[in-house]
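A.B. asks: Take this structure, written in structure tokens, and hold onto it; I'll ask about it next.
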Protein chains: 2
Amino acid sequence: MYCAAMPTRKLPEKVGNSGRPTTISDVAQLAGVSIGTVSKALNGRGSLRAETRHRVLSAAEQLGFLPNKAAMTLSSGRTYTVGMITTDTIGRFSIPLLMGAEDALGAGEMSVFLCDARDDPIREQYYLRTLLGRRVDGIIVTGRRTQARPPIAADLPVPVVYAFISSADPRDCSVVVDEAGGARLAVEHLLAVGRSRIAHITGPERHHSATVRAAATQDRLTEAGLDLVGAPMFGEWSEAWGRQATKILLGTHDIDAIFCGSDQIARGAADALAATGRRVPDDVALVGFDNWDVMSLACQPPLTSIDMELEALGRTAADLLLATINGEPAQGRHSRPCRLVVRDSTVSR
Amino acid sequence: MYCAAMPTRKLPEKVGNSGRPTTISDVAQLAGVSIGTVSKALNGRGSLRAETRHRVLSAAEQLGFLPNKAAMTLSSGRTYTVGMITTDTIGRFSIPLLMGAEDALGAGEMSVFLCDARDDPIREQYYLRTLLGRRVDGIIVTGRRTQARPPIAADLPVPVVYAFISSADPRDCSVVVDEAGGARLAVEHLLAVGRSRIAHITGPERHHSATVRAAATQDRLTEAGLDLVGAPMFGEWSEAWGRQATKILLGTHDIDAIFCGSDQIARGAADALAATGRRVPDDVALVGFDNWDVMSLACQPPLTSIDMELEALGRTAADLLLATINGEPAQGRHSRPCRLVVRDSTVSR
DNA sequence: GAAACCTCGGAAACCGATTTCCGAACACCT
DNA sequence: AGGTGTTCGGAAATCGGTTTCCGAGGTTTC
């Protein structure tokens, strides 16, 4: 009978108890077999009588036995762990990548060590060493800048996949976003809704993403027999720049659409357009990039945007890593398409 | 001489090489000693001749030896790993917590497994089991909702610290934000800049954070001999609600300040104020909560806000966890103060 | 010159699992 | 009754470290 007042007895808990974790020997003793037999029973190896197997399983259940991963690692050589190094700060981009990777890695079947190198090469090498010391089965390298980066190290004993960013060595396996394709999607959409005087406001010219998207924007317009209105406006990835650039633009050109290099810029643009009495999308249509809900949904009107599908990218990266770990090496650059998300900033509702 | 065309030779690399990772035996063989001696030399144990110690160290260096953590774990019983379970989604709140924790854990000395339970108790227990299977040295439990939650499990074999959220069991160790104190800071600041007709717009009433902050807001006003203008306006944590609530407020009351339960709400309020011709801060002062740069800096004008100092909170949680791991159990609820960040939404520049 | 002592480094147990190899027990066949 | 084959489960090696214990060899002391 259970009595609330009595001192807590060590009941068999589903997850662990406060003492020393139970080992395979404890299970063996309780089941009255050897530890080898326990191992076979739990892993379905060898040939055991059904009765024996069952006896072991219920003993393990009763003790809440969880095999010690470190011991398994030692004999199998695998840790069922991967490392994820973000070369710059963890943020809006790395989180979806992480979630996607976790997902592909079986959500807990394999675990992920997340390392934030904070743009510091020393710290990056340091993390690399700790990951190698932990004998991770593989490494995913990522970062905010999409510029190809030097390989994290030559000749590592574990497979490496670059996600979002790419390695400068073409033999390395990289999974990247087709940002040019994303920009083309945006332009095509604007053309489809009847716009022809299109401007482009984006981030710093030193950023690979900004130049790639700007170039693709111009290319696609040229294909349609059009020209970009003015030159691509390079600046910051900020709302303030979006506002400022839009004001400049409105003073000098006649436009019916702006494709922005980020949702933040687009939001700034929306504010500037509203402040000068332009209606979105009737007078000027607006497309952003990133599909960052915090921006694209809060914007008035909600933003049409380009989604880079980062979670899927994380999944792909992890899948390629798993393939390599399992002996089917994946090499080279893999590019993934973007997705257009249409909202009220380009089509009247 | 280096020649670009010649096949890559296996040079002694700083980090790893492509073959099987080197073991302590390899080092022992190269140094001409036994593995026990290598262990002593590398860890500064035992008594060795300086010459021997040096010979071992340079052999280890030459081979790029990284001790296998799994093997160390097996004999020491420690994994130098902690788990961090976020009960809901990883996001804006968990990342600073993680960074702070990483920092306190020596950035790589101990590593962190981040687990996203996605508001699913089943998944939570599943992650808990995998963490226990990996024999983590401790667990940090966190989440977005600040409501006290049931303990993640009774009687675990490893220490647990709750961060940001708290455990319903007062004996558990929790580190939380003094949200009431934060709200009081906001009110005091508004009083200090001469406001007396203060309204409060915040999130859903079912959210602990919203009710706690609202209650503290009213209390502090009462202490000052004032009343809140109208009742606290509970709604959503969104800009749209901030806009909507502000419009309602302006139609029914005469106010000179709004304290908002989040920066998003405050930003919506700022937009609504601007749309109706009110100047911020001259006509209406505005204070947000969270000090989320994306919102508070992009807002026009930039928002005065309450910073919960989540990174410091993560550090504190990790410190308490370390203390417990090292045999100085930390118990009970630890509350940490907020910080007021003054910007242009409350003081004219 | 022998006993006592000190210094240094090796042998081996141990951590907790997996896996191989082998032998005991039993059934079946002639 | 004896030989053969099959089934089941245990003993022991192994993974890569740490740590304890002990002995070889040299030095000091009387």
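Within each chain, counting starts at residue 1; across the structure tokens, chains are named A, B, ... in the order shown, with ligands numbered 1 upward in that order.
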At a cut-off of 10 Å, can you tabulate as a Markdown table every residue of chain C near chain B together with its closest atom pair and the distance in Å to one decimal, using only C-alpha atoms (C1' of nucleotides) and ordering rows by chain then number?
C.D. replies:
| residue | atom | partner | partner_atom | distance |
| --- | --- | --- | --- | --- |
| C:DT7 | C1' | B:Ser47 | CA | 7.9 |
| C:DC8 | C1' | B:Leu48 | CA | 5.9 |
| C:DG9 | C1' | B:Thr37 | CA | 6.6 |
| C:DG10 | C1' | B:Ser34 | CA | 6.5 |
| C:DA11 | C1' | B:Gly36 | CA | 9.3 |
| C:DC14 | C1' | B:Ser75 | CA | 7.4 |
| C:DC15 | C1' | B:Ser75 | CA | 4.4 |
| C:DG16 | C1' | B:Leu74 | CA | 7.1 |
| C:DA17 | C1' | B:Leu74 | CA | 9.9 |
A.B. asks: Excluding stretch 226-231 of chain A and any residue of its chain fewer than 3 positions from it, enumerate the residues within 10 Å of it, using only C-alpha atoms (C1' of nucleotides), and give them as an NGL selection string.
C.D. replies: :A and (196-201 or 214 or 217-223 or 234 or 249 or 252-258)
A.B. asks: List as an MDAnalysis selection string the protein and nucleic acid residues near B:His208, meaning an atom at most 7 Å away when only C-alpha atoms (C1' of nucleotides) are counted, but skip any in the same chain fewer than 2 places from it.
C.D. replies: chainID B and resid 146:147 206 210:212
A.B. asks: Tell me, as a tab-separated table (two decimals) with C-alpha atoms, in the first residue's frame, which residues lie within 7 Å of B:Ala317, counting only C-alpha atoms (C1' of nucleotides); anything in the same chain fewer than 6 positions away does not count.
C.D. replies:
chain	number	residue	atom	x	y	z
B	101	ALA	CA	26.18	27.99	-20.30
B	161	VAL	CA	19.26	22.77	-12.91
B	163	ALA	CA	17.05	27.77	-16.11
B	175	VAL	CA	17.56	29.97	-11.83
A.B. asks: Show me which bits of chain D are within 8 Å of chain B, counting only C-alpha atoms (C1' of nucleotides), as a list in words.
C.D. replies: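 Using only C-alpha atoms (C1' of nucleotides), chain D residues at most 8 Å from chain B: DG16, DG17 and DT18 of chain D.
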A.B. asks: Those residues you just picked out, can you put them in a file as a short mmCIF file (atom, residue, chain, number, x, y, z; two decimals), in the first residue's frame with N, CA and C atoms (P, O5', C5', C4', C3', O3' and C1' of nucleotides)?
C.D. replies:
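Output (selection.cif):
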data_model
loop_
_atom_site.label_atom_id
_atom_site.label_comp_id
_atom_site.auth_asym_id
_atom_site.auth_seq_id
_atom_site.Cartn_x
_atom_site.Cartn_y
_atom_site.Cartn_z
P DG D 16 41.62 1.22 -29.79
"O5'" DG D 16 41.74 2.13 -28.49
"C5'" DG D 16 40.85 3.22 -28.35
"C4'" DG D 16 41.08 3.88 -27.00
"C3'" DG D 16 42.53 4.27 -26.71
"O3'" DG D 16 42.52 5.50 -26.04
"C1'" DG D 16 41.73 2.93 -24.99
P DG D 17 43.82 6.44 -26.13
"O5'" DG D 17 43.59 7.40 -24.89
"C5'" DG D 17 44.27 7.18 -23.66
"C4'" DG D 17 43.26 6.86 -22.57
"C3'" DG D 17 43.80 6.99 -21.16
"O3'" DG D 17 43.57 8.31 -20.69
"C1'" DG D 17 42.52 4.98 -21.43
P DT D 18 44.47 8.86 -19.51
"O5'" DT D 18 44.02 8.01 -18.23
"C5'" DT D 18 42.72 8.20 -17.69
"C4'" DT D 18 42.59 7.44 -16.38
"C3'" DT D 18 43.60 7.85 -15.30
"O3'" DT D 18 42.89 7.93 -14.08
"C1'" DT D 18 43.74 5.52 -15.69
#
A.B. asks: For B:Arg315, list every protein, DNA or RNA residue within 12 Å, evaluated using only C-alpha atoms (C1' of nucleotides), and leave out those in the same chain fewer than 6 positions away; present the list as a PyMOL selection string.
C.D. replies: chain B and resi 96-107+140+161+163-164+175+309+321-322+336
A.B. asks: Taking only C-alpha atoms into account, which residues of chain B are within 7 Å of chain A, as a PyMOL selection string?
C.D. replies: chain B and resi 15-21+66-71+73-74+108+112-113+127+129-130+133-135+155-157+239-240+298
A.B. asks: Hey, can you spit out that residue selection with N, CA and C atoms as a PDB file, in the first residue's frame?
C.D. replies:
ATOM      1  N   VAL B  15      46.083  18.814 -36.560  1.00  0.00           N
ATOM      2  CA  VAL B  15      44.873  18.091 -36.176  1.00  0.00           C
ATOM      3  C   VAL B  15      44.675  16.874 -37.067  1.00  0.00           C
ATOM      4  N   GLY B  16      44.821  15.711 -36.408  1.00  0.00           N
ATOM      5  CA  GLY B  16      44.443  14.439 -37.012  1.00  0.00           C
ATOM      6  C   GLY B  16      45.009  14.167 -38.398  1.00  0.00           C
ATOM      7  N   ASN B  17      44.942  12.931 -38.783  1.00  0.00           N
ATOM      8  CA  ASN B  17      45.226  12.575 -40.162  1.00  0.00           C
ATOM      9  C   ASN B  17      44.158  11.583 -40.594  1.00  0.00           C
ATOM     10  N   SER B  18      44.180  11.222 -41.849  1.00  0.00           N
ATOM     11  CA  SER B  18      43.045  10.481 -42.373  1.00  0.00           C
ATOM     12  C   SER B  18      42.977   9.038 -41.894  1.00  0.00           C
ATOM     13  N   GLY B  19      44.076   8.496 -41.357  1.00  0.00           N
ATOM     14  CA  GLY B  19      44.055   7.101 -40.934  1.00  0.00           C
ATOM     15  C   GLY B  19      43.278   6.911 -39.641  1.00  0.00           C
ATOM     16  N   ARG B  20      43.452   5.778 -39.048  1.00  0.00           N
ATOM     17  CA  ARG B  20      42.853   5.483 -37.748  1.00  0.00           C
ATOM     18  C   ARG B  20      43.441   6.460 -36.729  1.00  0.00           C
ATOM     19  N   PRO B  21      42.619   7.004 -35.855  1.00  0.00           N
ATOM     20  CA  PRO B  21      43.140   7.949 -34.853  1.00  0.00           C
ATOM     21  C   PRO B  21      44.247   7.293 -34.039  1.00  0.00           C
ATOM     22  N   LEU B  66      45.282  12.735 -29.727  1.00  0.00           N
ATOM     23  CA  LEU B  66      44.161  13.270 -28.965  1.00  0.00           C
ATOM     24  C   LEU B  66      43.558  12.117 -28.185  1.00  0.00           C
ATOM     25  N   PRO B  67      43.595  12.159 -26.854  1.00  0.00           N
ATOM     26  CA  PRO B  67      43.077  11.028 -26.074  1.00  0.00           C
ATOM     27  C   PRO B  67      41.608  10.771 -26.393  1.00  0.00           C
ATOM     28  N   ASN B  68      41.261   9.532 -26.453  1.00  0.00           N
ATOM     29  CA  ASN B  68      39.887   9.121 -26.719  1.00  0.00           C
ATOM     30  C   ASN B  68      39.021   9.387 -25.487  1.00  0.00           C
ATOM     31  N   LYS B  69      38.086  10.338 -25.637  1.00  0.00           N
ATOM     32  CA  LYS B  69      37.259  10.735 -24.490  1.00  0.00           C
ATOM     33  C   LYS B  69      36.421   9.579 -23.969  1.00  0.00           C
ATOM     34  N   ALA B  70      35.995   8.719 -24.871  1.00  0.00           N
ATOM     35  CA  ALA B  70      35.146   7.607 -24.439  1.00  0.00           C
ATOM     36  C   ALA B  70      35.905   6.721 -23.464  1.00  0.00           C
ATOM     37  N   ALA B  71      37.164   6.503 -23.765  1.00  0.00           N
ATOM     38  CA  ALA B  71      37.978   5.672 -22.874  1.00  0.00           C
ATOM     39  C   ALA B  71      38.184   6.372 -21.538  1.00  0.00           C
ATOM     40  N   THR B  73      36.198   8.501 -20.209  1.00  0.00           N
ATOM     41  CA  THR B  73      34.916   8.443 -19.527  1.00  0.00           C
ATOM     42  C   THR B  73      34.760   7.131 -18.778  1.00  0.00           C
ATOM     43  N   LEU B  74      35.154   6.073 -19.448  1.00  0.00           N
ATOM     44  CA  LEU B  74      34.920   4.751 -18.887  1.00  0.00           C
ATOM     45  C   LEU B  74      35.621   4.590 -17.547  1.00  0.00           C
ATOM     46  N   GLY B 108      34.019  24.225 -24.362  1.00  0.00           N
ATOM     47  CA  GLY B 108      34.656  23.086 -24.991  1.00  0.00           C
ATOM     48  C   GLY B 108      35.314  22.157 -23.984  1.00  0.00           C
ATOM     49  N   VAL B 112      28.107  20.640 -24.658  1.00  0.00           N
ATOM     50  CA  VAL B 112      26.675  20.657 -24.385  1.00  0.00           C
ATOM     51  C   VAL B 112      25.904  19.944 -25.489  1.00  0.00           C
ATOM     52  N   PHE B 113      25.039  19.036 -25.105  1.00  0.00           N
ATOM     53  CA  PHE B 113      24.070  18.453 -26.030  1.00  0.00           C
ATOM     54  C   PHE B 113      22.785  19.263 -25.931  1.00  0.00           C
ATOM     55  N   TYR B 127      14.478  12.198 -24.857  1.00  0.00           N
ATOM     56  CA  TYR B 127      15.769  12.882 -24.807  1.00  0.00           C
ATOM     57  C   TYR B 127      16.432  12.654 -23.456  1.00  0.00           C
ATOM     58  N   ARG B 129      16.245  10.121 -21.595  1.00  0.00           N
ATOM     59  CA  ARG B 129      16.849   8.784 -21.599  1.00  0.00           C
ATOM     60  C   ARG B 129      18.144   8.761 -22.399  1.00  0.00           C
ATOM     61  N   THR B 130      18.140   9.412 -23.556  1.00  0.00           N
ATOM     62  CA  THR B 130      19.388   9.366 -24.325  1.00  0.00           C
ATOM     63  C   THR B 130      20.491  10.107 -23.578  1.00  0.00           C
ATOM     64  N   GLY B 133      21.695   7.811 -20.991  1.00  0.00           N
ATOM     65  CA  GLY B 133      22.483   6.764 -21.637  1.00  0.00           C
ATOM     66  C   GLY B 133      23.876   7.258 -21.974  1.00  0.00           C
ATOM     67  N   ARG B 134      23.969   8.520 -22.314  1.00  0.00           N
ATOM     68  CA  ARG B 134      25.281   9.081 -22.612  1.00  0.00           C
ATOM     69  C   ARG B 134      26.007   9.494 -21.336  1.00  0.00           C
ATOM     70  N   ARG B 135      25.373   9.273 -20.224  1.00  0.00           N
ATOM     71  CA  ARG B 135      26.000   9.530 -18.923  1.00  0.00           C
ATOM     72  C   ARG B 135      26.485  10.966 -18.789  1.00  0.00           C
ATOM     73  N   ASP B 155      14.263  11.803  -8.802  1.00  0.00           N
ATOM     74  CA  ASP B 155      15.312  10.903  -8.358  1.00  0.00           C
ATOM     75  C   ASP B 155      16.281  10.498  -9.461  1.00  0.00           C
ATOM     76  N   LEU B 156      16.807  11.490 -10.177  1.00  0.00           N
ATOM     77  CA  LEU B 156      17.742  11.186 -11.259  1.00  0.00           C
ATOM     78  C   LEU B 156      19.150  10.978 -10.730  1.00  0.00           C
ATOM     79  N   PRO B 157      19.945  10.180 -11.448  1.00  0.00           N
ATOM     80  CA  PRO B 157      21.319   9.930 -10.997  1.00  0.00           C
ATOM     81  C   PRO B 157      22.272  11.091 -11.311  1.00  0.00           C
ATOM     82  N   GLU B 239       3.291  42.121 -32.881  1.00  0.00           N
ATOM     83  CA  GLU B 239       3.191  43.519 -33.279  1.00  0.00           C
ATOM     84  C   GLU B 239       1.748  43.887 -33.588  1.00  0.00           C
ATOM     85  N   ALA B 240       1.057  42.958 -34.219  1.00  0.00           N
ATOM     86  CA  ALA B 240      -0.332  43.243 -34.601  1.00  0.00           C
ATOM     87  C   ALA B 240      -1.152  43.588 -33.362  1.00  0.00           C
ATOM     88  N   ALA B 298      15.519  48.481 -34.411  1.00  0.00           N
ATOM     89  CA  ALA B 298      14.898  48.841 -35.684  1.00  0.00           C
ATOM     90  C   ALA B 298      13.680  49.734 -35.478  1.00  0.00           C
TER      91      ALA B 298
END
